[in-house]
Structures are given as structure tokens and as C-alpha cells.
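This is run_37.csv. It holds CSV, C-alpha atoms and all ligand atoms.
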chain,number,residue,atom,x,y,z
A,1,MET,CA,-19.0,3.1,2.8
A,2,ALA,CA,-15.7,3.9,4.5
A,3,VAL,CA,-16.5,6.6,7.0
A,4,PHE,CA,-16.4,4.6,10.2
A,5,THR,CA,-16.2,7.7,12.4
A,6,PRO,CA,-18.6,10.5,11.3
A,7,VAL,CA,-17.3,14.0,11.6
A,8,THR,CA,-19.2,17.3,10.9
A,9,LEU,CA,-18.0,20.7,9.9
A,10,ASP,CA,-18.8,21.9,13.4
A,11,ASP,CA,-16.7,19.2,15.0
A,12,ILE,CA,-13.8,20.1,12.8
A,13,ALA,CA,-13.9,23.9,12.9
A,14,GLN,CA,-12.2,24.3,16.2
A,15,TRP,CA,-10.0,21.2,15.9
A,16,ALA,CA,-8.5,22.4,12.7
A,17,THR,CA,-7.2,25.6,14.2
A,18,GLN,CA,-4.2,23.7,15.4
A,19,TYR,CA,-3.0,23.6,11.7
A,20,ASP,CA,-1.9,26.6,9.7
A,21,ILE,CA,-4.6,26.1,7.0
A,22,GLY,CA,-7.0,28.9,7.6
A,23,ARG,CA,-10.7,28.4,8.2
A,24,VAL,CA,-12.2,25.1,7.2
A,25,LEU,CA,-14.7,25.7,4.3
A,26,ALA,CA,-16.0,22.2,3.6
A,27,LEU,CA,-15.7,18.6,4.6
A,28,LYS,CA,-16.8,15.6,2.6
A,29,GLY,CA,-16.6,11.9,3.5
A,30,ILE,CA,-14.7,9.7,1.0
A,31,SER,CA,-16.5,6.4,0.3
A,32,SER,CA,-13.6,4.3,-1.0
A,33,GLY,CA,-11.0,2.6,1.2
A,34,ILE,CA,-11.4,-0.1,3.7
A,35,GLU,CA,-9.0,0.7,6.5
A,36,ASN,CA,-9.6,4.3,7.7
A,37,SER,CA,-12.2,7.1,7.8
A,38,ASN,CA,-11.1,9.7,5.1
A,39,PHE,CA,-12.5,13.1,4.3
A,40,PHE,CA,-11.7,15.8,1.7
A,41,LEU,CA,-11.1,19.0,3.7
A,42,SER,CA,-11.2,22.3,1.9
A,43,ALA,CA,-9.7,25.2,3.8
A,44,GLU,CA,-8.8,28.8,3.1
A,45,ARG,CA,-5.1,27.8,2.3
A,46,GLY,CA,-5.7,24.7,0.3
A,47,GLU,CA,-7.1,21.3,-0.2
A,48,TYR,CA,-6.3,18.5,2.2
A,49,VAL,CA,-7.3,15.0,3.3
A,50,LEU,CA,-8.3,14.3,6.9
A,51,THR,CA,-7.7,10.7,8.0
A,52,ILE,CA,-9.0,9.1,11.2
A,53,PHE,CA,-7.2,5.9,11.9
A,54,GLU,CA,-9.6,3.0,12.9
A,55,LYS,CA,-7.1,0.3,13.6
A,56,LEU,CA,-3.6,1.8,13.8
A,57,GLY,CA,-2.5,3.3,17.1
A,58,PHE,CA,-0.4,6.1,18.4
A,59,ASP,CA,2.6,3.8,18.7
A,60,GLN,CA,2.8,2.7,15.0
A,61,LEU,CA,1.5,5.8,13.2
A,62,PRO,CA,4.6,8.1,13.6
A,63,PHE,CA,6.6,5.7,11.4
A,64,TYR,CA,4.1,6.0,8.5
A,65,LEU,CA,3.6,9.8,8.8
A,66,LYS,CA,7.3,10.6,9.3
A,67,LEU,CA,8.2,8.3,6.4
A,68,MET,CA,5.7,10.1,4.1
A,69,ARG,CA,7.2,13.4,5.2
A,70,HIS,CA,10.7,12.2,4.7
A,71,VAL,CA,10.2,11.0,1.1
A,72,ALA,CA,7.9,13.9,0.1
A,73,GLU,CA,10.7,16.3,1.3
A,74,ARG,CA,13.1,14.4,-1.0
A,75,GLY,CA,11.1,14.8,-4.2
A,76,VAL,CA,8.9,11.7,-4.1
A,77,ALA,CA,5.4,12.4,-5.2
A,78,ALA,CA,3.4,11.7,-2.0
A,79,PRO,CA,1.1,13.6,0.4
A,80,LEU,CA,2.8,15.9,2.9
A,81,PRO,CA,1.5,15.3,6.4
A,82,LEU,CA,1.0,18.7,8.2
A,83,ALA,CA,2.5,19.4,11.5
A,84,ASN,CA,0.2,21.1,14.1
A,85,ARG,CA,1.3,24.1,16.2
A,86,ASP,CA,3.1,21.7,18.6
A,87,GLY,CA,5.1,20.2,15.7
A,88,GLU,CA,3.1,17.0,15.9
A,89,LEU,CA,2.0,15.1,12.7
A,90,LEU,CA,-0.5,13.1,14.7
A,91,ALA,CA,-3.5,14.6,16.6
A,92,THR,CA,-6.6,13.1,18.3
A,93,LEU,CA,-10.1,13.4,16.9
A,94,HIS,CA,-13.1,11.8,18.6
A,95,GLY,CA,-10.6,9.8,20.7
A,96,LYS,CA,-8.8,8.3,17.7
A,97,PRO,CA,-5.5,9.2,16.1
A,98,ALA,CA,-6.0,11.5,13.1
A,99,CYS,CA,-3.8,13.5,10.6
A,100,VAL,CA,-4.2,16.1,7.8
A,101,VAL,CA,-2.2,15.6,4.6
A,102,THR,CA,-2.0,17.6,1.4
A,103,ARG,CA,-4.5,16.4,-1.3
A,104,LEU,CA,-3.0,15.0,-4.4
A,105,GLU,CA,-4.5,16.1,-7.8
A,106,GLY,CA,-6.0,13.7,-10.3
A,107,ALA,CA,-7.6,10.3,-10.0
A,108,CYS,CA,-6.5,6.7,-9.8
A,109,GLN,CA,-5.7,5.0,-13.1
A,110,MET,CA,-7.5,1.6,-12.9
A,111,ALA,CA,-6.8,0.6,-16.5
A,112,PRO,CA,-3.1,1.4,-16.8
A,113,HIS,CA,-1.1,1.4,-20.0
A,114,PRO,CA,2.6,0.7,-20.2
A,115,ALA,CA,3.3,4.5,-19.9
A,116,HIS,CA,1.5,4.6,-16.5
A,117,CYS,CA,3.4,1.5,-15.4
A,118,ALA,CA,6.7,3.2,-16.3
A,119,GLU,CA,5.9,6.2,-14.2
A,120,VAL,CA,5.1,4.0,-11.3
A,121,GLY,CA,8.3,1.9,-11.7
A,122,ALA,CA,10.5,5.0,-11.8
A,123,MET,CA,8.8,6.7,-8.8
A,124,LEU,CA,8.9,3.4,-6.8
A,125,ALA,CA,12.7,3.3,-7.3
A,126,ARG,CA,12.9,6.9,-6.2
A,127,LEU,CA,10.9,6.1,-3.2
A,128,HIS,CA,13.2,3.2,-2.2
A,129,LEU,CA,16.3,5.4,-2.6
A,130,ALA,CA,14.7,8.4,-0.8
A,131,ALA,CA,13.6,6.2,2.1
A,132,ALA,CA,16.9,4.4,2.5
A,133,ASP,CA,18.3,6.7,5.2
A,134,PHE,CA,15.0,7.0,7.1
A,135,PRO,CA,16.0,6.5,10.7
A,136,ILE,CA,13.0,4.7,12.1
A,137,ARG,CA,13.0,1.0,11.4
A,138,GLN,CA,9.6,-0.7,11.7
A,139,PRO,CA,9.3,-4.1,10.1
A,140,ASN,CA,6.8,-5.0,7.5
A,141,LEU,CA,4.0,-6.1,9.8
A,142,ARG,CA,2.5,-8.2,7.0
A,143,GLY,CA,5.6,-10.2,6.5
A,144,LEU,CA,6.5,-13.9,7.0
A,145,ASP,CA,5.8,-13.8,10.8
A,146,TRP,CA,2.3,-12.6,10.1
A,147,TRP,CA,1.8,-15.2,7.3
A,148,ASN,CA,2.8,-17.9,9.8
A,149,GLU,CA,0.3,-16.6,12.4
A,150,THR,CA,-2.5,-16.2,9.8
A,151,THR,CA,-2.2,-19.4,7.9
A,152,PRO,CA,-3.6,-21.7,10.7
A,153,VAL,CA,-6.4,-19.2,11.2
A,154,VAL,CA,-7.7,-19.2,7.6
A,155,LEU,CA,-6.8,-22.8,6.7
A,156,PRO,CA,-10.1,-24.3,8.2
A,157,TYR,CA,-12.1,-22.1,5.8
A,158,LEU,CA,-10.4,-23.4,2.7
A,159,PRO,CA,-11.4,-26.5,0.6
A,160,ASP,CA,-8.8,-29.3,0.3
A,161,ALA,CA,-7.1,-27.8,-2.9
A,162,GLY,CA,-6.8,-24.4,-1.3
A,163,GLN,CA,-5.4,-25.9,2.0
A,164,HIS,CA,-2.8,-27.9,0.0
A,165,LEU,CA,-1.8,-24.8,-2.0
A,166,LEU,CA,-1.4,-22.6,1.1
A,167,ARG,CA,0.6,-25.2,3.0
A,168,ALA,CA,2.9,-25.9,0.1
A,169,GLU,CA,3.5,-22.2,-0.6
A,170,MET,CA,4.2,-21.4,3.0
A,171,HIS,CA,6.8,-24.2,2.9
A,172,PHE,CA,8.3,-22.8,-0.3
A,173,GLN,CA,8.4,-19.3,1.1
A,174,GLU,CA,10.0,-20.4,4.4
A,175,ALA,CA,12.8,-22.0,2.4
A,176,PHE,CA,13.1,-19.0,0.1
A,177,ALA,CA,13.4,-16.6,3.1
A,178,THR,CA,16.3,-18.7,4.5
A,179,SER,CA,18.2,-18.8,1.2
A,180,GLU,CA,21.5,-16.9,0.8
A,181,ALA,CA,20.3,-14.9,-2.2
A,182,TYR,CA,17.3,-13.7,-0.2
A,183,HIS,CA,19.6,-12.5,2.6
A,184,ARG,CA,21.6,-10.5,0.2
A,185,LEU,CA,18.6,-8.6,-1.3
A,186,PRO,CA,18.7,-4.9,-0.7
A,187,ARG,CA,16.2,-3.7,1.8
A,188,GLY,CA,14.7,-0.6,3.4
A,189,PRO,CA,11.4,1.1,4.0
A,190,ILE,CA,8.9,0.0,1.3
A,191,HIS,CA,5.3,1.0,0.6
A,192,ALA,CA,4.1,-2.6,0.5
A,193,ASP,CA,0.6,-1.9,-0.8
A,194,LEU,CA,1.2,0.0,-4.0
A,195,PHE,CA,-2.0,-1.0,-5.8
A,196,ARG,CA,-3.6,1.0,-8.6
A,197,ASN,CA,-6.0,2.5,-6.0
A,198,ASN,CA,-3.1,4.0,-4.1
A,199,VAL,CA,-1.5,6.1,-6.8
A,200,MET,CA,-2.9,9.3,-8.4
A,201,PHE,CA,-2.5,10.3,-12.0
A,202,ASP,CA,-3.3,13.6,-13.7
A,203,GLY,CA,-3.5,12.3,-17.3
A,204,LYS,CA,-0.2,10.5,-17.8
A,205,ARG,CA,1.5,12.4,-15.0
A,206,LEU,CA,1.9,10.6,-11.7
A,207,THR,CA,0.9,13.0,-9.0
A,208,GLY,CA,1.5,10.8,-6.0
A,209,PHE,CA,1.7,7.6,-4.1
A,210,PHE,CA,-0.6,7.5,-1.0
A,211,ASP,CA,-1.9,5.2,1.7
A,212,PHE,CA,1.5,4.3,3.3
A,213,TYR,CA,-0.2,2.5,6.2
A,214,PHE,CA,1.2,-0.9,5.4
A,215,ALA,CA,4.7,0.5,4.9
A,216,GLY,CA,7.6,-1.2,6.7
A,217,VAL,CA,11.2,-2.4,6.3
A,218,ASP,CA,11.4,-5.3,3.9
A,219,THR,CA,13.2,-6.2,0.6
A,220,TRP,CA,12.8,-3.7,-2.2
A,221,LEU,CA,12.0,-6.5,-4.5
A,222,PHE,CA,9.0,-7.5,-2.5
A,223,ASP,CA,7.6,-4.0,-3.2
A,224,VAL,CA,8.2,-4.3,-6.9
A,225,ALA,CA,6.5,-7.7,-6.9
A,226,VAL,CA,3.4,-6.5,-5.1
A,227,THR,CA,3.2,-3.6,-7.5
A,228,VAL,CA,3.6,-5.7,-10.6
A,229,ASN,CA,1.0,-8.2,-9.4
A,230,ASP,CA,-1.6,-5.4,-9.4
A,231,TRP,CA,-0.5,-3.1,-12.2
A,232,CYS,CA,0.7,-5.5,-14.9
A,233,ILE,CA,-1.9,-8.2,-15.0
A,234,ASP,CA,-4.9,-9.4,-17.0
A,235,GLU,CA,-7.6,-8.8,-14.3
A,236,THR,CA,-9.6,-11.9,-15.2
A,237,SER,CA,-6.8,-14.6,-15.3
A,238,GLY,CA,-4.1,-12.9,-13.2
A,239,ALA,CA,-1.6,-13.5,-16.0
A,240,LEU,CA,1.2,-11.0,-16.4
A,241,ASP,CA,1.1,-8.6,-19.3
A,242,PRO,CA,4.7,-8.7,-20.6
A,243,ALA,CA,4.5,-5.1,-22.1
A,244,ARG,CA,3.4,-3.6,-18.8
A,245,VAL,CA,5.9,-5.7,-16.8
A,246,ARG,CA,8.7,-4.6,-19.0
A,247,ALA,CA,7.7,-0.9,-18.8
A,248,LEU,CA,7.5,-1.0,-15.0
A,249,VAL,CA,10.6,-2.9,-14.2
A,250,GLY,CA,12.6,-1.2,-17.0
A,251,ALA,CA,11.8,2.2,-15.6
A,252,TYR,CA,12.6,1.1,-12.1
A,253,HIS,CA,15.9,-0.4,-13.2
A,254,ALA,CA,16.9,2.8,-15.0
A,255,VAL,CA,16.7,4.6,-11.6
A,256,ARG,CA,17.9,1.8,-9.3
A,257,PRO,CA,19.5,-1.1,-11.2
A,258,PHE,CA,18.4,-4.6,-10.0
A,259,THR,CA,21.1,-6.8,-8.6
A,260,ASP,CA,21.8,-10.4,-9.8
A,261,ASP,CA,20.3,-11.8,-6.5
A,262,GLU,CA,17.1,-9.8,-7.3
A,263,SER,CA,16.9,-11.2,-10.8
A,264,ALA,CA,17.3,-14.7,-9.4
A,265,SER,CA,14.7,-14.1,-6.7
A,266,TRP,CA,12.1,-12.5,-9.0
A,267,ARG,CA,9.7,-15.4,-9.5
A,268,PRO,CA,9.7,-16.5,-5.9
A,269,MET,CA,9.1,-12.9,-4.9
A,270,LEU,CA,6.1,-12.6,-7.2
A,271,ARG,CA,4.7,-15.7,-5.5
A,272,ALA,CA,5.4,-14.1,-2.1
A,273,GLY,CA,3.5,-10.9,-3.1
A,274,ALA,CA,0.5,-13.0,-4.2
A,275,LEU,CA,0.6,-15.1,-1.1
A,276,ARG,CA,0.6,-12.0,1.2
A,277,PHE,CA,-2.6,-10.6,-0.3
A,278,TRP,CA,-4.3,-14.0,-0.6
A,279,LEU,CA,-3.8,-14.4,3.1
A,280,SER,CA,-5.0,-10.9,4.1
A,281,ARG,CA,-8.0,-11.2,1.9
A,282,LEU,CA,-8.8,-14.6,3.3
A,283,TYR,CA,-8.6,-13.2,6.8
A,284,ASP,CA,-10.8,-10.2,6.0
A,285,PHE,CA,-13.3,-12.3,4.1
A,286,HIS,CA,-13.7,-15.0,6.8
A,287,LEU,CA,-13.1,-12.9,9.9
A,288,PRO,CA,-14.5,-9.5,9.0
A,289,ARG,CA,-14.3,-6.6,11.5
A,290,ASP,CA,-17.9,-5.5,10.9
A,291,ALA,CA,-19.8,-7.7,8.5
A,292,GLN,CA,-22.4,-5.0,7.6
A,293,MET,CA,-19.9,-2.3,6.7
A,294,LEU,CA,-18.0,-3.5,3.7
A,295,THR,CA,-17.8,-5.9,0.8
A,296,PRO,CA,-14.5,-7.6,1.3
A,297,HIS,CA,-12.0,-8.0,-1.5
A,298,ASP,CA,-12.1,-11.3,-3.3
A,299,PRO,CA,-9.4,-13.7,-2.0
A,300,GLY,CA,-9.8,-15.9,-5.1
A,301,HIS,CA,-8.2,-13.2,-7.2
A,302,PHE,CA,-4.8,-13.7,-5.4
A,303,GLU,CA,-5.2,-17.5,-5.3
A,304,ARG,CA,-5.4,-17.3,-9.1
A,305,ILE,CA,-2.4,-15.0,-9.3
A,306,LEU,CA,-0.4,-17.3,-7.0
A,307,ARG,CA,-1.3,-20.4,-9.1
A,308,GLU,CA,-0.3,-18.5,-12.3
A,309,ARG,CA,3.1,-17.5,-10.9
A,310,ILE,CA,3.8,-21.0,-9.8
A,311,ALA,CA,2.7,-22.5,-13.1
A,312,LYS,CA,4.1,-20.1,-15.7
A,313,PRO,CA,7.5,-18.5,-16.4
A,314,VAL,CA,7.6,-14.7,-15.7
A,315,PRO,CA,9.2,-12.0,-17.8
A,316,PRO,CA,12.7,-11.5,-16.4
A,317,LEU,CA,13.8,-8.4,-14.5
A,401,LIG,N1,-3.6,12.6,-0.2
A,401,LIG,C1,-4.7,12.3,-0.9
A,401,LIG,N2,-5.0,13.0,-1.9
A,401,LIG,C2,-6.1,12.8,-2.7
A,401,LIG,N3,-7.0,11.8,-2.4
A,401,LIG,C3,-6.7,11.0,-1.4
A,401,LIG,C4,-5.5,11.2,-0.6
A,401,LIG,N4,-5.6,10.2,0.4
A,401,LIG,C5,-6.7,9.5,0.2
A,401,LIG,N5,-7.4,10.0,-0.9
A,401,LIG,C6,-8.7,9.5,-1.4
A,401,LIG,O1,-9.3,8.7,-0.4
A,401,LIG,C7,-9.5,7.4,-0.8
A,401,LIG,C8,-9.3,6.4,0.3
A,401,LIG,O2,-8.0,6.5,0.8
A,401,LIG,P1,-7.1,5.3,1.2
A,401,LIG,O3,-6.9,4.4,0.1
A,401,LIG,O4,-5.9,5.8,1.9
A,401,LIG,O5,-8.1,4.6,2.3
A,401,LIG,P2,-7.9,3.3,3.1
A,401,LIG,O6,-9.2,3.2,4.0
A,401,LIG,O7,-6.6,3.3,3.8
A,401,LIG,O8,-8.1,2.3,1.9
A,401,LIG,P3,-7.4,1.0,1.4
A,401,LIG,O9,-6.5,0.5,2.5
A,401,LIG,O10,-8.6,0.1,1.1
A,401,LIG,O11,-6.6,1.3,0.2
A,401,LIG,C9,-8.6,7.2,-2.0
A,401,LIG,O12,-9.1,6.3,-2.9
A,401,LIG,C10,-8.5,8.6,-2.6
A,401,LIG,O13,-9.6,8.8,-3.4
A,402,LIG,N1,-4.6,-3.5,-1.4
A,402,LIG,C1,-5.2,-4.4,-0.5
A,402,LIG,C2,-6.2,-3.8,0.4
A,402,LIG,C3,-5.5,-3.1,1.6
A,402,LIG,O1,-5.0,-1.9,1.3
A,402,LIG,C4,-6.0,-5.5,-1.3
A,402,LIG,O2,-6.3,-5.2,-2.5
A,402,LIG,O3,-6.2,-6.6,-0.8
Could you render the structure as C-alpha cells?
Amino acid sequence: MAVFTPVTLDDIAQWATQYDIGRVLALKGISSGIENSNFFLSAERGEYVLTIFEKLGFDQLPFYLKLMRHVAERGVAAPLPLANRDGELLATLHGKPACVVTRLEGACQMAPHPAHCAEVGAMLARLHLAAADFPIRQPNLRGLDWWNETTPVVLPYLPDAGQHLLRAEMHFQEAFATSEAYHRLPRGPIHADLFRNNVMFDGKRLTGFFDFYFAGVDTWLFDVAVTVNDWCIDETSGALDPARVRALVGAYHAVRPFTDDESASWRPMLRAGALRFWLSRLYDFHLPRDAQMLTPHDPGHFERILRERIAKPVPPL
């Protein structure tokens, strides 16, 4: 259940008049998602999604919403946040920040084939290029600094083998992040959470990326690694599926060619992508916001992926 803040049609009827969408006809809570309260909103002029932000505040949100608008206006398939009559993308609902965005058609593709991965790779490269001149610079808030803060918090919950792995990987990633090749990696605003449940497909056609609320400025390669670690794996073992990896990175490369430094950094970056989600899942698992509300994601999945990336060679970029 992921409606943390209930909203009724009555609550919304007056509130929605600030948008140029006509009368609201229906409102339906969306059960998936673990971060925000989301609703499908049908109005006279179209289909939208209403999001009420449960954790993010008025200071961080303009970055995400303006970034979505920036890339959507440049041809990237993404929801378009609506401006209200004052020109604001962000409004207040039940005392919390809220927004209305266009609803993407289709559904998530949870069992992707190489053709889906190719669509994702090409659109990801287009996203990076379209976002490159976005003027607001907010760092990836789940980057190395956050890993350093979170590691001592979750370590006590891990058995010896897990503690050893986490300490060793943090050590490895600190060294990687200070390498010359790392500093030469191209960077810009990235999605940073482009899992299968954050992309819509209508058949084989990609209709949009959504859930930009972990976006931030970081290396483009980190975004590719996070995406590959979810789209191109055997779900049980975490092993990479070479056909899907080739499809995704090949399609990305055709739009925005990888640099030599990126090729050299590929495997450490796949490890970084696994570490980031192992840490956040450990945190959410052991220190949940509201224990009754949700089943947390399994941290063990990303521990397996991390061990795989350390142990086995990866298909080259
Ligand atoms: N613009 C959109 N168009 C169509 N459906 C959407 C859109 N935005 C969100 N949804 C639907 O709402 C669901 C939850 O959205 P979202 O993933 O953004 O929530 P969340 O709470 O931020 O979740 P999480 O962080 O766990 O991915 C999605 O799975 C999707 O079905
Ligand atoms: N994609 C994240 C959830 C936060 O969006 C995960 O699977 O751990």
C-alpha cells in the first residue's frame, strides 16, 4: 500500500482548479511505489498522475520537476509536470508538496528482452544529452558521501561476511573515486534509479521514464551501470545476461559513444551501482520509516549482484 496521504475527489476538486485540466472526473490511489503517495487523476482534458511527496521537501523538489520538464521538452519520453496558474510546478496539498504530471501510456516491462533493453539504452543516452545543459546542479544525494554516512549505520546489522564485504567495497570505491580515470568521466544530471519499474512500454515502444526523484548530477556511466544491474540480469543469481547487456550498451553507444575512460571504469562502476542499492535496501530494511506500511526490498539481491560483479568478468562496453 503506497498511499501514505489519503485524498478524496472532494479534496481535490477545488485544489485542481489551479491547473488547466478541466474538471476532475476520477481519482484512484496507486498501490505500487515506496516513496510517495501517487494517484491516477482523470480530468476533462486528459489523464494525469498526482504525486504527494512524503519525504522530499520544497527545497529539493524544483530540481526534479524542472529537470523532467527540461528533458521532456527536448524530446525525451518522460512525464511533463504541469505548471499551475502561477507558473509553479509545485503546489501544496494536505500540507505537503504535490505535483501533477502527464500520465504515460502502457505498463512496466518486468521481463525485458534485448529489444526492450535497446530502447532503454538509446533513451538513456538521449536523456543524458538533453539534460547536459540543465542549469540547476544538485548532486546525487545517494552518492559516495551518503554511502560513507550509511555504512556505519547498517554495519551492526550484518553478519561477519557481510561486514567484511561492505568494508572492503567501500575501500575499493573510495580508491576508484579518487582515480584519474574517474575524474575524467563525463557527468551531468542522471536519473540514478532507472529500474524496470520506472519505465513504461506500450508493447515494444518505450513511452517514458518516470520517478526522477533520485536524480542528481553524477557520472553518466553510473546511470548506465544502475540500469544494466536491473535490466540485464538473471533475477535469481544476479549474473549479467550478455545479450541484454550488449543490446542496452550498444544502443546507448550509438547515440552517445562511450569514452576510453568509461570503458576502463565499467566494472568498478557496476560494483558501485550494486553497492548503492545494497546500502539503501539495508537501511530501509533495518531502519524502516513505518514498519507496518511496507514490505521492504530485499537487500540480499544487491549483495549477490555485488559479489557477482567482483567475482566475474563483465561484457565490455
Ligand atoms: N507519469 C506516470 N504515468 C503513468 N503511471 C505512473 C506515472 N508516474 C507514476 N506512475 C505509476 O505509479 C506507480 C508508482 O510511481 P513511482 O514509482 O513514481 O512511485 P514511488 O513511490 O516514487 O516508487 P519507487 O520509488 O518505489 O519506485 C508506478 O509504478 C506507475 O504505475
Ligand atoms: N529502485 C530502488 C527503490 C527506490 O526507488 C530499489 O529497488 O531498491
Handout entry: Minimum-distance residue to ligand LIG 401 (chain A), chosen among A:Ala122, A:Leu194, A:Val71, A:Ala132 (using all atoms listed in the file)
Key =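 The answer is A:Leu194, which sits nearest to ligand LIG 401 (chain A).
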All residues having an atom within 8 Å of ligand LIG 402 (chain A) (only C-alpha atoms and all ligand atoms) as a CSV table (one decimal) with C-alpha atoms, in the frame of the given file:
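What ended up in part.csv:
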chain,number,residue,atom,x,y,z
A,33,GLY,CA,-11.0,2.6,1.2
A,34,ILE,CA,-11.4,-0.1,3.7
A,35,GLU,CA,-9.0,0.7,6.5
A,193,ASP,CA,0.6,-1.9,-0.8
A,194,LEU,CA,1.2,0.0,-4.0
A,195,PHE,CA,-2.0,-1.0,-5.8
A,197,ASN,CA,-6.0,2.5,-6.0
A,211,ASP,CA,-1.9,5.2,1.7
A,214,PHE,CA,1.2,-0.9,5.4
A,277,PHE,CA,-2.6,-10.6,-0.3
A,278,TRP,CA,-4.3,-14.0,-0.6
A,280,SER,CA,-5.0,-10.9,4.1
A,281,ARG,CA,-8.0,-11.2,1.9
A,297,HIS,CA,-12.0,-8.0,-1.5
A,298,ASP,CA,-12.1,-11.3,-3.3
A,299,PRO,CA,-9.4,-13.7,-2.0
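Shell of region 59-69 of chain A at 8 Å, with all atoms listed in the file counted and residues fewer than 4 places along the chain excluded, is Glu73, Ala78, Pro79, Leu80, Pro81, Leu89, Leu90, Ala131, Phe134, Ile136, Arg137, Gln138, Phe212, Tyr213 and Ala215 of chain A.
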Handout entry: Length of the CA of Pro114 (chain A) to CA of Ala264 (chain A) vector [Å]
Key =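 Straight-line distance from CA of Pro114 (chain A) to CA of Ala264 (chain A) works out to 23.9 Å.
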Exercise for the section: Measuring atom to atom with only C-alpha atoms and all ligand atoms, identify which of A:Gly29, A:Pro189, A:Gly143, A:Pro242 is nearest to ligand LIG 401 (chain A). Expected result: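 Checking each of A:Gly29, A:Pro189, A:Gly143, A:Pro242 against ligand LIG 401 (chain A), counting only C-alpha atoms and all ligand atoms, the winner is A:Gly29.
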Handout entry: Contacts of Leu129 (chain A) within 9 Å, all atoms listed in the file, excl. fewer than 5 positions in-chain, as a PyMOL selection string
Key = chain A and resi 124+188+256
